[in-house]
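J.: This is run-v9.cif (mmCIF, C-alpha atoms).
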```
data_target
#
loop_
_atom_site.label_atom_id
_atom_site.label_comp_id
_atom_site.auth_asym_id
_atom_site.auth_seq_id
_atom_site.Cartn_x
_atom_site.Cartn_y
_atom_site.Cartn_z
CA MET A 1 -6.74 21.92 17.35
CA ILE A 2 -9.07 19.01 16.69
CA GLU A 3 -10.22 17.35 19.94
CA THR A 4 -11.64 13.87 20.28
CA ASP A 5 -11.73 10.87 22.60
CA ILE A 6 -10.02 8.31 20.39
CA LEU A 7 -7.77 9.50 17.61
CA ILE A 8 -7.62 6.71 15.05
CA ILE A 9 -4.70 6.65 12.66
CA GLY A 10 -5.78 4.82 9.54
CA ALA A 11 -9.28 4.78 8.08
CA GLY A 12 -9.23 1.22 6.78
CA PRO A 13 -11.89 -1.32 7.81
CA VAL A 14 -10.46 -1.80 11.29
CA GLY A 15 -10.13 1.93 11.95
CA LEU A 16 -13.70 2.47 10.76
CA PHE A 17 -15.15 -0.32 12.91
CA THR A 18 -13.38 1.16 15.94
CA VAL A 19 -15.72 4.13 15.59
CA PHE A 20 -18.70 1.82 16.08
CA GLU A 21 -17.36 0.04 19.14
CA ALA A 22 -16.20 3.35 20.63
CA GLY A 23 -19.57 4.89 19.86
CA LEU A 24 -21.39 2.20 21.83
CA LEU A 25 -19.30 3.38 24.79
CA LYS A 26 -20.15 7.03 24.01
CA LEU A 27 -16.61 7.78 22.94
CA ARG A 28 -16.09 10.03 19.94
CA CYS A 29 -13.56 9.32 17.23
CA HIS A 30 -11.57 11.23 14.66
CA LEU A 31 -9.66 9.44 11.91
CA ILE A 32 -6.52 10.48 10.04
CA ASP A 33 -5.58 8.85 6.75
CA ALA A 34 -2.97 9.61 4.12
CA LEU A 35 -5.35 8.59 1.36
CA PRO A 36 -7.99 11.03 0.17
CA GLN A 37 -10.83 8.57 0.87
CA PRO A 38 -11.67 6.19 3.73
CA GLY A 39 -11.30 2.43 3.27
CA GLY A 40 -7.54 1.90 3.26
CA GLN A 41 -6.30 -0.97 1.14
CA CYS A 42 -9.88 -2.13 0.52
CA ALA A 43 -10.64 1.12 -1.27
CA GLU A 44 -7.23 1.86 -2.72
CA ILE A 45 -5.91 -1.51 -3.87
CA TYR A 46 -8.78 -3.92 -4.33
CA PRO A 47 -12.25 -2.32 -4.15
CA LYS A 48 -13.67 -4.74 -6.72
CA LYS A 49 -12.28 -7.90 -5.14
CA PRO A 50 -14.68 -10.18 -3.28
CA ILE A 51 -13.86 -11.05 0.33
CA TYR A 52 -15.22 -14.38 1.57
CA ASP A 53 -14.19 -14.49 5.23
CA ILE A 54 -16.21 -11.70 6.79
CA PRO A 55 -18.56 -13.49 9.21
CA ALA A 56 -22.14 -13.68 7.94
CA TYR A 57 -21.20 -12.44 4.47
CA SER A 58 -20.69 -15.35 2.09
CA GLU A 59 -19.19 -12.77 -0.25
CA VAL A 60 -18.70 -9.03 -0.11
CA LEU A 61 -16.75 -6.70 -2.37
CA ALA A 62 -14.00 -4.85 -0.51
CA GLY A 63 -15.46 -1.53 -1.66
CA ASP A 64 -18.91 -2.53 -0.43
CA LEU A 65 -17.46 -3.57 2.92
CA VAL A 66 -16.12 -0.03 3.30
CA ASP A 67 -19.47 1.49 2.27
CA ASN A 68 -21.26 -0.74 4.78
CA LEU A 69 -18.86 0.23 7.55
CA MET A 70 -19.35 3.91 6.75
CA ALA A 71 -23.12 3.40 7.02
CA GLN A 72 -22.73 1.45 10.26
CA ILE A 73 -20.66 4.17 11.95
CA GLU A 74 -22.66 7.10 10.61
CA PRO A 75 -24.74 7.45 13.84
CA PHE A 76 -21.52 8.13 15.73
CA LYS A 77 -20.55 11.04 13.47
CA PRO A 78 -16.88 10.26 12.95
CA GLU A 79 -14.71 13.08 11.66
CA PHE A 80 -11.85 12.71 9.25
CA THR A 81 -8.56 14.31 8.35
CA LEU A 82 -7.99 12.77 4.92
CA GLY A 83 -5.09 13.11 2.51
CA GLU A 84 -2.74 13.87 5.39
CA ARG A 85 -0.21 11.61 7.02
CA ALA A 86 0.16 11.45 10.80
CA ASP A 87 3.76 12.50 11.28
CA THR A 88 4.57 13.38 14.88
CA ILE A 89 3.21 12.65 18.33
CA GLU A 90 3.87 14.44 21.60
CA LYS A 91 2.55 13.92 25.07
CA THR A 92 0.95 16.75 27.02
CA ASP A 93 1.28 17.40 30.74
CA ASP A 94 -2.27 16.16 31.31
CA ASP A 95 -1.56 12.75 29.74
CA LYS A 96 -3.01 13.42 26.30
CA PHE A 97 -1.42 13.08 22.91
CA ILE A 98 -1.03 15.70 20.19
CA VAL A 99 -0.68 14.20 16.73
CA THR A 100 0.39 16.50 13.90
CA THR A 101 0.08 15.64 10.22
CA ASN A 102 2.50 16.42 7.41
CA ARG A 103 0.32 19.44 6.60
CA GLY A 104 0.43 20.73 10.15
CA THR A 105 -3.10 19.75 11.25
CA LYS A 106 -3.07 19.14 14.99
CA HIS A 107 -5.25 16.69 16.89
CA ILE A 108 -5.47 16.06 20.62
CA ALA A 109 -6.90 13.00 22.36
CA PRO A 110 -6.35 10.95 25.51
CA VAL A 111 -6.20 7.77 23.43
CA VAL A 112 -4.51 7.09 20.10
CA ALA A 113 -5.41 3.93 18.19
CA ILE A 114 -3.03 3.11 15.39
CA ALA A 115 -4.93 1.16 12.76
CA GLY A 116 -2.41 1.94 10.09
CA GLY A 117 -2.40 -1.36 8.21
CA LEU A 118 0.82 -1.70 6.30
CA GLY A 119 1.48 2.00 6.62
CA SER A 120 0.56 5.12 4.74
CA PHE A 121 0.38 4.96 0.98
CA GLU A 122 3.31 6.76 -0.57
CA PRO A 123 4.28 7.13 -4.22
CA ARG A 124 6.56 4.43 -5.57
CA LYS A 125 9.92 5.98 -6.30
CA PRO A 126 11.96 4.72 -9.24
CA PRO A 127 15.56 3.69 -8.51
CA VAL A 128 17.24 6.69 -10.13
CA PRO A 129 20.50 7.54 -8.31
CA ASN A 130 20.09 11.28 -7.76
CA LEU A 131 16.29 11.25 -7.41
CA ALA A 132 16.19 12.59 -3.85
CA ASP A 133 18.26 15.65 -4.83
CA PHE A 134 15.54 16.79 -7.21
CA GLU A 135 12.37 16.09 -5.21
CA ASP A 136 10.25 19.26 -5.40
CA LYS A 137 12.96 20.71 -7.66
CA GLY A 138 11.41 19.45 -10.84
CA VAL A 139 10.57 15.90 -9.73
CA GLU A 140 6.97 15.44 -8.59
CA TYR A 141 5.30 12.13 -7.80
CA ILE A 142 1.83 13.61 -7.50
CA ILE A 143 0.40 16.29 -9.75
CA LYS A 144 -1.44 18.67 -7.46
CA ASP A 145 -2.02 21.69 -9.67
CA PRO A 146 -1.81 21.18 -13.44
CA ASN A 147 -1.40 24.95 -13.99
CA PHE A 148 2.00 24.60 -12.36
CA TYR A 149 3.10 23.02 -15.66
CA LYS A 150 1.80 25.77 -17.93
CA GLY A 151 4.28 26.44 -20.72
CA LYS A 152 6.75 23.94 -19.28
CA ASP A 153 8.51 21.00 -20.91
CA VAL A 154 7.55 17.89 -18.99
CA VAL A 155 8.41 14.20 -19.01
CA ILE A 156 5.94 11.71 -17.56
CA SER A 157 6.90 8.11 -16.72
CA GLY A 158 4.50 5.23 -16.19
CA GLY A 159 2.00 3.20 -18.15
CA GLY A 160 -1.11 3.29 -15.99
CA ASP A 161 -4.17 5.48 -15.92
CA SER A 162 -2.64 8.33 -14.00
CA ALA A 163 0.31 8.59 -16.43
CA LEU A 164 -2.05 8.38 -19.41
CA ASP A 165 -4.60 10.85 -18.04
CA TRP A 166 -2.02 13.48 -17.11
CA THR A 167 -0.23 13.09 -20.43
CA ILE A 168 -3.50 13.78 -22.23
CA PHE A 169 -4.43 16.66 -19.95
CA LEU A 170 -1.06 18.41 -20.04
CA ALA A 171 -0.67 17.89 -23.81
CA GLU A 172 -3.87 19.78 -24.51
CA GLY A 173 -2.73 23.37 -24.23
CA VAL A 174 -1.15 23.27 -20.77
CA ALA A 175 2.48 22.21 -21.05
CA ASN A 176 4.78 23.43 -23.82
CA SER A 177 5.82 19.86 -24.57
CA VAL A 178 5.01 16.44 -23.12
CA THR A 179 7.20 13.36 -23.39
CA MET A 180 5.70 10.12 -22.13
CA VAL A 181 8.15 7.37 -21.25
CA HIS A 182 6.91 3.82 -20.76
CA ARG A 183 8.88 0.65 -20.21
CA ARG A 184 6.72 -1.50 -22.44
CA SER A 185 4.99 -0.96 -25.76
CA SER A 186 1.54 -1.78 -24.38
CA PHE A 187 -0.42 0.15 -21.75
CA ARG A 188 -2.63 -1.05 -18.95
CA GLY A 189 -4.94 1.95 -18.69
CA HIS A 190 -8.46 2.47 -20.00
CA LEU A 191 -8.65 1.67 -23.68
CA ASP A 192 -9.92 5.09 -24.70
CA SER A 193 -7.06 6.81 -22.84
CA VAL A 194 -4.55 4.51 -24.52
CA GLN A 195 -6.07 5.31 -27.91
CA LYS A 196 -6.01 9.04 -27.17
CA VAL A 197 -2.32 8.94 -26.22
CA GLN A 198 -1.50 7.02 -29.37
CA ASP A 199 -3.47 9.54 -31.44
CA LEU A 200 -1.62 12.44 -29.79
CA ALA A 201 1.69 10.73 -30.56
CA ALA A 202 0.70 10.10 -34.18
CA ALA A 203 -0.30 13.75 -34.54
CA GLY A 204 3.06 14.84 -33.18
CA LYS A 205 1.48 16.49 -30.13
CA ILE A 206 3.39 14.38 -27.65
CA ASN A 207 6.67 12.57 -27.79
CA LEU A 208 5.83 8.96 -26.91
CA MET A 209 8.82 6.79 -25.99
CA THR A 210 7.96 3.15 -25.38
CA ASP A 211 10.35 0.35 -24.42
CA SER A 212 12.19 3.12 -22.63
CA GLU A 213 13.04 4.07 -19.08
CA VAL A 214 14.30 7.19 -17.33
CA VAL A 215 17.62 6.27 -15.74
CA GLY A 216 19.08 9.62 -14.77
CA ILE A 217 18.30 13.28 -14.02
CA THR A 218 20.39 16.25 -15.07
CA GLY A 219 20.38 19.74 -13.63
CA ASP A 220 22.08 21.88 -11.01
CA ASP A 221 19.54 23.02 -8.42
CA HIS A 222 16.56 22.13 -10.64
CA VAL A 223 15.80 19.47 -13.21
CA ASN A 224 16.89 20.51 -16.72
CA GLY A 225 16.58 17.12 -18.38
CA VAL A 226 16.42 13.36 -18.00
CA THR A 227 18.48 10.54 -19.43
CA ILE A 228 16.34 7.87 -21.04
CA LYS A 229 17.46 4.34 -21.79
CA THR A 230 15.95 3.18 -25.08
CA LYS A 231 16.50 0.16 -27.28
CA GLU A 232 18.76 2.32 -29.42
CA GLY A 233 20.86 3.46 -26.47
CA GLU A 234 20.67 6.37 -24.05
CA LYS A 235 19.07 9.66 -25.03
CA HIS A 236 18.89 12.98 -23.22
CA VAL A 237 15.62 14.88 -23.22
CA ALA A 238 15.62 18.46 -21.95
CA CYS A 239 12.72 19.23 -19.61
CA ASP A 240 11.67 21.36 -16.64
CA HIS A 241 9.80 18.62 -14.81
CA TRP A 242 9.80 14.87 -14.55
CA MET A 243 6.78 13.13 -13.04
CA PRO A 244 7.34 9.44 -12.28
CA LEU A 245 3.78 8.09 -11.85
CA PHE A 246 4.18 4.49 -10.70
CA GLY A 247 1.33 4.17 -8.25
CA LEU A 248 1.34 3.99 -4.47
CA SER A 249 2.71 1.50 -1.99
CA PRO A 250 2.35 1.42 1.80
CA LYS A 251 5.17 2.40 4.14
CA LEU A 252 5.09 2.31 7.95
CA GLY A 253 6.72 5.72 7.77
CA PRO A 254 7.00 8.17 10.68
CA ILE A 255 5.07 5.92 13.11
CA ALA A 256 8.23 3.80 13.26
CA ASP A 257 9.88 6.71 15.09
CA TRP A 258 7.21 7.20 17.76
CA GLY A 259 9.06 5.22 20.40
CA LEU A 260 6.88 2.16 20.02
CA ASN A 261 8.30 -1.34 20.14
CA VAL A 262 8.43 -2.37 16.51
CA SER A 263 9.31 -5.79 15.19
CA LYS A 264 9.47 -6.55 11.47
CA ASN A 265 7.55 -3.41 10.49
CA ALA A 266 4.73 -4.14 12.95
CA ILE A 267 3.96 -2.70 16.39
CA GLU A 268 4.19 -5.09 19.33
CA VAL A 269 1.06 -5.20 21.50
CA ASP A 270 -0.32 -6.91 24.56
CA THR A 271 -3.22 -9.10 23.47
CA PHE A 272 -5.09 -8.26 26.68
CA ASP A 273 -6.15 -4.93 25.19
CA TYR A 274 -3.88 -4.36 22.16
CA SER A 275 -1.97 -1.71 24.06
CA THR A 276 1.54 -0.78 23.00
CA ASN A 277 4.51 -0.08 25.26
CA ILE A 278 3.28 3.53 25.56
CA PRO A 279 0.16 3.71 27.81
CA GLY A 280 -2.67 5.35 25.88
CA ILE A 281 -1.41 4.27 22.46
CA TYR A 282 -2.97 1.13 21.03
CA ALA A 283 -2.29 -0.70 17.76
CA ILE A 284 -4.94 -2.78 16.00
CA GLY A 285 -5.30 -4.60 12.70
CA ASP A 286 -2.51 -5.37 10.25
CA VAL A 287 -0.17 -2.84 11.87
CA ASN A 288 0.30 -4.83 15.07
CA THR A 289 2.02 -8.08 15.91
CA TYR A 290 1.77 -10.61 18.73
CA PRO A 291 2.26 -14.36 19.03
CA GLY A 292 -0.26 -16.01 16.72
CA LYS A 293 -1.12 -12.81 14.83
CA LEU A 294 -3.14 -13.25 11.66
CA LYS A 295 -3.55 -10.33 9.29
CA LEU A 296 -7.27 -10.70 8.74
CA ILE A 297 -9.96 -8.04 8.78
CA LEU A 298 -12.08 -10.12 11.11
CA CYS A 299 -9.23 -10.36 13.64
CA GLY A 300 -8.84 -6.58 13.44
CA PHE A 301 -12.53 -6.12 14.30
CA HIS A 302 -12.05 -8.21 17.43
CA GLU A 303 -8.93 -6.27 18.39
CA ALA A 304 -10.76 -2.96 17.92
CA THR A 305 -13.58 -4.12 20.20
CA LEU A 306 -11.30 -5.10 23.08
CA MET A 307 -9.19 -2.01 22.60
CA CYS A 308 -12.21 0.28 23.04
CA GLN A 309 -13.03 -1.23 26.44
CA SER A 310 -9.49 -0.52 27.61
CA ALA A 311 -9.59 2.99 26.13
CA TYR A 312 -12.78 3.71 28.08
CA LYS A 313 -11.11 2.70 31.33
CA ARG A 314 -8.18 4.96 30.54
CA ILE A 315 -10.43 7.93 29.84
CA TYR A 316 -12.86 7.24 32.74
CA PRO A 317 -10.79 5.35 35.33
CA ASP A 318 -13.45 5.81 38.03
CA LYS A 319 -16.46 4.65 36.02
CA ASN A 320 -17.62 1.08 35.94
CA LEU A 321 -18.21 -0.36 32.52
CA VAL A 322 -20.65 -3.11 31.73
CA LEU A 323 -20.99 -4.78 28.38
CA LYS A 324 -24.18 -3.74 26.65
CA TYR A 325 -25.80 -5.59 23.80
CA THR A 326 -27.04 -3.75 20.73
CA THR A 327 -30.04 -6.12 20.70
CA VAL A 328 -31.08 -4.65 24.07
CA ASN A 329 -30.05 -1.05 23.67
CA GLY A 330 -29.97 -0.51 19.96
CA VAL A 331 -27.57 2.08 18.61
CA GLN A 332 -27.80 5.49 20.19
CA GLY A 333 -25.84 7.88 18.06
CA PHE A 334 -24.53 11.31 18.88
CA MET B 1 -6.85 -47.11 3.40
CA VAL B 2 -4.23 -45.60 1.12
CA PHE B 3 -1.56 -43.41 2.61
CA LYS B 4 0.22 -40.86 0.52
CA ASP B 5 3.89 -41.39 -0.08
CA SER B 6 5.51 -38.93 2.32
CA ASN B 7 7.54 -37.34 -0.49
CA MET B 8 4.59 -36.94 -2.77
CA GLY B 9 3.66 -33.40 -3.60
CA ILE B 10 6.87 -31.91 -2.22
CA ILE B 11 9.23 -30.10 -4.55
CA LYS B 12 12.54 -28.41 -3.92
CA VAL B 13 13.01 -24.83 -5.07
CA THR B 14 15.95 -22.50 -4.56
CA VAL B 15 15.46 -18.88 -3.55
CA ILE B 16 18.42 -16.51 -3.76
CA ASP B 17 17.92 -13.62 -1.36
CA ARG B 18 19.02 -10.02 -1.86
CA GLU B 19 22.34 -10.72 -0.18
CA GLY B 20 23.02 -13.46 -2.73
CA VAL B 21 22.48 -16.31 -0.26
CA SER B 22 20.82 -19.42 -1.69
CA HIS B 23 18.06 -21.09 0.28
CA GLU B 24 16.91 -24.52 -0.78
CA LEU B 25 13.29 -24.82 0.28
CA GLU B 26 10.86 -27.70 0.35
CA ALA B 27 7.45 -26.70 -0.82
CA PRO B 28 4.20 -28.64 -1.01
CA THR B 29 2.38 -28.67 -4.33
CA ASP B 30 -0.93 -29.81 -2.84
CA MET B 31 -1.55 -26.77 -0.63
CA ASN B 32 -2.46 -24.29 -3.36
CA MET B 33 0.63 -22.26 -2.53
CA ASN B 34 2.58 -19.82 -4.64
CA MET B 35 6.21 -18.71 -4.53
CA MET B 36 5.42 -15.54 -2.55
CA GLU B 37 3.80 -17.67 0.15
CA VAL B 38 6.62 -20.21 0.14
CA CYS B 39 9.13 -17.39 0.73
CA LYS B 40 6.98 -15.95 3.53
CA SER B 41 6.58 -19.36 5.16
CA TYR B 42 10.37 -19.57 5.41
CA GLU B 43 10.49 -15.96 6.66
CA LEU B 44 12.42 -14.76 3.64
CA PRO B 45 12.05 -11.01 3.08
CA VAL B 46 9.08 -10.96 0.72
CA GLU B 47 6.36 -8.54 1.68
CA GLY B 48 3.33 -9.80 -0.26
CA THR B 49 1.51 -6.58 0.60
CA CYS B 50 -1.67 -7.30 -1.32
CA GLY B 51 -1.83 -10.90 -0.15
CA GLY B 52 -1.33 -12.42 -3.59
CA MET B 53 -3.79 -10.64 -5.86
CA ALA B 54 -1.14 -9.39 -8.32
CA MET B 55 -1.86 -5.90 -7.09
CA CYS B 56 1.32 -4.66 -5.46
CA ALA B 57 4.52 -6.08 -7.05
CA SER B 58 6.15 -6.51 -3.64
CA CYS B 59 6.90 -10.18 -4.48
CA HIS B 60 8.82 -9.34 -7.66
CA MET B 61 11.39 -12.06 -8.39
CA TYR B 62 13.48 -13.34 -11.29
CA VAL B 63 13.20 -16.90 -12.55
CA GLU B 64 16.83 -17.94 -13.03
CA SER B 65 16.27 -21.52 -14.18
CA ASP B 66 14.83 -22.42 -17.58
CA HIS B 67 11.63 -23.99 -16.28
CA GLU B 68 8.66 -23.67 -18.51
CA LEU B 69 6.08 -21.63 -16.64
CA PRO B 70 2.58 -20.44 -17.43
CA GLU B 71 2.68 -17.06 -19.17
CA ALA B 72 2.08 -13.96 -17.08
CA SER B 73 -1.52 -12.74 -17.13
CA ASP B 74 -2.39 -9.19 -18.11
CA ASP B 75 -2.84 -8.37 -14.43
CA GLU B 76 0.66 -9.58 -13.67
CA GLU B 77 2.19 -7.72 -16.62
CA ASP B 78 0.35 -4.57 -15.61
CA MET B 79 1.67 -4.82 -12.09
CA LEU B 80 5.22 -5.46 -13.27
CA ASP B 81 4.87 -2.15 -15.10
CA GLN B 82 4.81 -0.44 -11.73
CA ALA B 83 7.77 -2.37 -10.38
CA PHE B 84 11.37 -1.37 -10.88
CA HIS B 85 14.44 -3.35 -11.98
CA VAL B 86 12.19 -5.38 -14.30
CA GLU B 87 13.97 -7.89 -16.53
CA ASN B 88 12.79 -10.37 -19.13
CA ASN B 89 12.66 -13.10 -16.47
CA SER B 90 10.71 -10.97 -13.98
CA ARG B 91 7.62 -12.52 -12.39
CA LEU B 92 5.39 -11.86 -9.43
CA GLY B 93 5.97 -14.68 -6.95
CA CYS B 94 2.29 -14.71 -6.03
CA GLN B 95 1.40 -15.68 -9.57
CA LEU B 96 3.77 -18.65 -9.66
CA HIS B 97 1.51 -21.39 -8.32
CA LEU B 98 3.54 -24.38 -7.22
CA SER B 99 3.34 -27.43 -9.40
CA ASP B 100 5.41 -30.57 -9.80
CA ASN B 101 7.14 -29.30 -12.93
CA MET B 102 8.72 -26.53 -10.84
CA GLU B 103 11.01 -29.08 -9.18
CA GLY B 104 14.49 -27.56 -9.01
CA MET B 105 13.35 -24.07 -9.98
CA VAL B 106 15.68 -21.22 -9.01
CA VAL B 107 14.37 -17.72 -8.32
CA ARG B 108 16.13 -14.59 -7.17
CA LEU B 109 14.39 -11.89 -5.14
CA ALA B 110 14.29 -8.48 -6.83
CA GLU B 111 15.40 -5.33 -5.08
CA VAL B 112 12.60 -3.49 -3.33
CA GLY B 113 12.25 0.21 -4.02
CA ASP B 114 12.01 3.00 -1.46
#
```
If you took the structure in this file and wrote it as structure tokens, what would it be?
T.:
Amino acid sequence: MIETDILIIGAGPVGLFTVFEAGLLKLRCHLIDALPQPGGQCAEIYPKKPIYDIPAYSEVLAGDLVDNLMAQIEPFKPEFTLGERADTIEKTDDDKFIVTTNRGTKHIAPVVAIAGGLGSFEPRKPPVPNLADFEDKGVEYIIKDPNFYKGKDVVISGGGDSALDWTIFLAEGVANSVTMVHRRSSFRGHLDSVQKVQDLAAAGKINLMTDSEVVGITGDDHVNGVTIKTKEGEKHVACDHWMPLFGLSPKLGPIADWGLNVSKNAIEVDTFDYSTNIPGIYAIGDVNTYPGKLKLILCGFHEATLMCQSAYKRIYPDKNLVLKYTTVNGVQGF
Amino acid sequence: MVFKDSNMGIIKVTVIDREGVSHELEAPTDMNMNMMEVCKSYELPVEGTCGGMAMCASCHMYVESDHELPEASDDEEDMLDQAFHVENNSRLGCQLHLSDNMEGMVVRLAEVGD
């Protein structure tokens, strides 16, 4: 069991800055994030986009903002559970919370700060009617172990880098056959990957179907083929696996079932300290809502700062807390 | 001092929601707004996850009227690749920047995936 003072759910900019404000109060933090790297949307969606409304930065790339935050919080030695989604929460007899991820990692803390942004990033699922029946029975949205596909007939959908890269990788001596299905005739991936896929198709090493879309899955208890809509009509392609690779999108997910007051996909908080209706659970950044809420990183930083003061009082109800300035005290790490 | 005509820079657009209900909206053309933002400002169910950078496809909509619109950029086309239920008239609302020639435009919100 991982123990900490503040368990932060979401390692985006607001979650990361919480570590700093908590650290000034000598509170330790552990962060959980569904993505494999810290930074949230800034790292996953728009790392190369400039942000212009971070105070004192006339311009900063989202990816650099994350790097800077990581450097800023380094003295406070945050720990991370990455690539896992916080799934369940339970309260202990001594007023702490146990949060368990989808992979079973358990964390315990007296304070939970949900800085989950728009939710955890989950694969986009295509609107194929019987899709859910075949999840993990031949339909995989993420390719974890390429050897799993050794000698298999696979169909990959999508036109981005991950679809292109896996098509190339699996076509080169891993899978028995690879069919790539893409809705358009042009691709948006790296030019050399696009060229490679077209070369493989020309050499007959993959079956490339453009202007086409998978619209159905066949099979009993496992995928045995997919139905593909093409310009010439519907075709059936026999396969063992279908991997729809359409990128990730955020979903509030299991947090919605934690007993928190939720309105329009956001958690209601008291702006006094960004506490939720459950004492000890706070919500900060894009995941919360209150009258006048603005989804801005700079507002999230403010919310994190006030939240930490309240968290301190919850953890040390008998201690007096006085605001200390970093100009006076500097940063004393752990 | 010259005052602007109060109707200047306001266009009417129609948004058909996912239940098929038409909403006639007034939208200013001088506020640098796009269709995703117009929908959000009227609290229509458009997520706009990425804030309007053509990076998420959560503002996917169909242009139902025959207005002549600027062509989709590569970024927009690439993002539509990751959306579902894409048709020939599919656009990302965030890339439809309001202008006077959009007066009377009709758009329909696309289904959102799981």
J.: Residues within 12 Å of range 63-70 of chain B, please, as a short mmCIF file (atom, residue, chain, number, x, y, z; two decimals) with C-alpha atoms, in the frame of the given file. Count all atoms listed in the file; anything in the same chain fewer than 4 positions from it doesn't count.
T.:
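Saved the output as around.cif:
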```cif
data_model
loop_
_atom_site.label_atom_id
_atom_site.label_comp_id
_atom_site.auth_asym_id
_atom_site.auth_seq_id
_atom_site.Cartn_x
_atom_site.Cartn_y
_atom_site.Cartn_z
CA VAL B 13 13.01 -24.83 -5.07
CA THR B 14 15.95 -22.50 -4.56
CA VAL B 15 15.46 -18.88 -3.55
CA ILE B 16 18.42 -16.51 -3.76
CA MET B 35 6.21 -18.71 -4.53
CA GLU B 76 0.66 -9.58 -13.67
CA VAL B 86 12.19 -5.38 -14.30
CA GLU B 87 13.97 -7.89 -16.53
CA ASN B 88 12.79 -10.37 -19.13
CA ASN B 89 12.66 -13.10 -16.47
CA SER B 90 10.71 -10.97 -13.98
CA ARG B 91 7.62 -12.52 -12.39
CA LEU B 92 5.39 -11.86 -9.43
CA GLY B 93 5.97 -14.68 -6.95
CA GLN B 95 1.40 -15.68 -9.57
CA LEU B 96 3.77 -18.65 -9.66
CA HIS B 97 1.51 -21.39 -8.32
CA LEU B 98 3.54 -24.38 -7.22
CA SER B 99 3.34 -27.43 -9.40
CA ASP B 100 5.41 -30.57 -9.80
CA ASN B 101 7.14 -29.30 -12.93
CA MET B 102 8.72 -26.53 -10.84
CA GLU B 103 11.01 -29.08 -9.18
CA GLY B 104 14.49 -27.56 -9.01
CA MET B 105 13.35 -24.07 -9.98
CA VAL B 106 15.68 -21.22 -9.01
CA VAL B 107 14.37 -17.72 -8.32
CA ARG B 108 16.13 -14.59 -7.17
CA LEU B 109 14.39 -11.89 -5.14
CA ALA B 110 14.29 -8.48 -6.83
#
```
J.: Using only C-alpha atoms, find each residue in chain A having at least one atom no more than 9 Å away from chain B; report its shortest atom-to-atom pair and that distance in Å (one decimal), rows by chain then rising number, as JSON lines.
T.:
```
{"residue": "A:Gln41", "atom": "CA", "partner": "B:Cys50", "partner_atom": "CA", "distance": 8.2}
{"residue": "A:Ile45", "atom": "CA", "partner": "B:Met55", "partner_atom": "CA", "distance": 6.8}
{"residue": "A:Tyr46", "atom": "CA", "partner": "B:Met55", "partner_atom": "CA", "distance": 7.7}
{"residue": "A:Lys49", "atom": "CA", "partner": "B:Met53", "partner_atom": "CA", "distance": 9.0}
{"residue": "A:Leu118", "atom": "CA", "partner": "B:Thr49", "partner_atom": "CA", "distance": 7.5}
{"residue": "A:Arg124", "atom": "CA", "partner": "B:Asp114", "partner_atom": "CA", "distance": 7.0}
{"residue": "A:Lys125", "atom": "CA", "partner": "B:Asp114", "partner_atom": "CA", "distance": 6.1}
{"residue": "A:Pro126", "atom": "CA", "partner": "B:Phe84", "partner_atom": "CA", "distance": 6.3}
{"residue": "A:Pro127", "atom": "CA", "partner": "B:Gly113", "partner_atom": "CA", "distance": 6.6}
{"residue": "A:Gly158", "atom": "CA", "partner": "B:Gln82", "partner_atom": "CA", "distance": 7.2}
{"residue": "A:Gly159", "atom": "CA", "partner": "B:Asp81", "partner_atom": "CA", "distance": 6.8}
{"residue": "A:Gly160", "atom": "CA", "partner": "B:Asp78", "partner_atom": "CA", "distance": 8.0}
{"residue": "A:His182", "atom": "CA", "partner": "B:Asp81", "partner_atom": "CA", "distance": 8.5}
{"residue": "A:Arg183", "atom": "CA", "partner": "B:Asp81", "partner_atom": "CA", "distance": 7.1}
{"residue": "A:Arg184", "atom": "CA", "partner": "B:Asp81", "partner_atom": "CA", "distance": 7.6}
{"residue": "A:Phe187", "atom": "CA", "partner": "B:Asp78", "partner_atom": "CA", "distance": 7.8}
{"residue": "A:Arg188", "atom": "CA", "partner": "B:Asp78", "partner_atom": "CA", "distance": 5.7}
{"residue": "A:Gly189", "atom": "CA", "partner": "B:Asp78", "partner_atom": "CA", "distance": 8.9}
{"residue": "A:Leu245", "atom": "CA", "partner": "B:Gln82", "partner_atom": "CA", "distance": 8.6}
{"residue": "A:Phe246", "atom": "CA", "partner": "B:Gln82", "partner_atom": "CA", "distance": 5.1}
{"residue": "A:Gly247", "atom": "CA", "partner": "B:Gln82", "partner_atom": "CA", "distance": 6.7}
{"residue": "A:Leu248", "atom": "CA", "partner": "B:Cys56", "partner_atom": "CA", "distance": 8.7}
{"residue": "A:Ser249", "atom": "CA", "partner": "B:Cys56", "partner_atom": "CA", "distance": 7.2}
{"residue": "A:Pro250", "atom": "CA", "partner": "B:Thr49", "partner_atom": "CA", "distance": 8.1}
{"residue": "A:Lys251", "atom": "CA", "partner": "B:Asp114", "partner_atom": "CA", "distance": 8.9}
```
J.: Could you list the residues chosen by the PyMOL selection byres ((chain A and resi 95-103) around 10) in this structure as number ranges by chain?
T.: A: 1-3, 5, 7, 9, 32-34, 81, 83-94, 104-112, 254, 279-281, 315
J.: I'd like the contact shell of Tyr316 in chain A - 12 Å cut-off, all atoms listed in the file, skipping same-chain residues fewer than 3 positions apart - returned as a PyMOL selection string.
T.: chain A and resi 5+25-27+110-111+308-313+319-321
J.: Can you report as AutoDock Vina command-line options the centre and edge lengths in Å, to one decimal, of an axis-aligned box around the listed atoms of range 32-44 of chain B padded with 3 Å on each side?
T.:
```
--center_x 5.0 --center_y -19.5 --center_z 1.0 --size_x 20.9 --size_y 15.5 --size_z 17.3
```
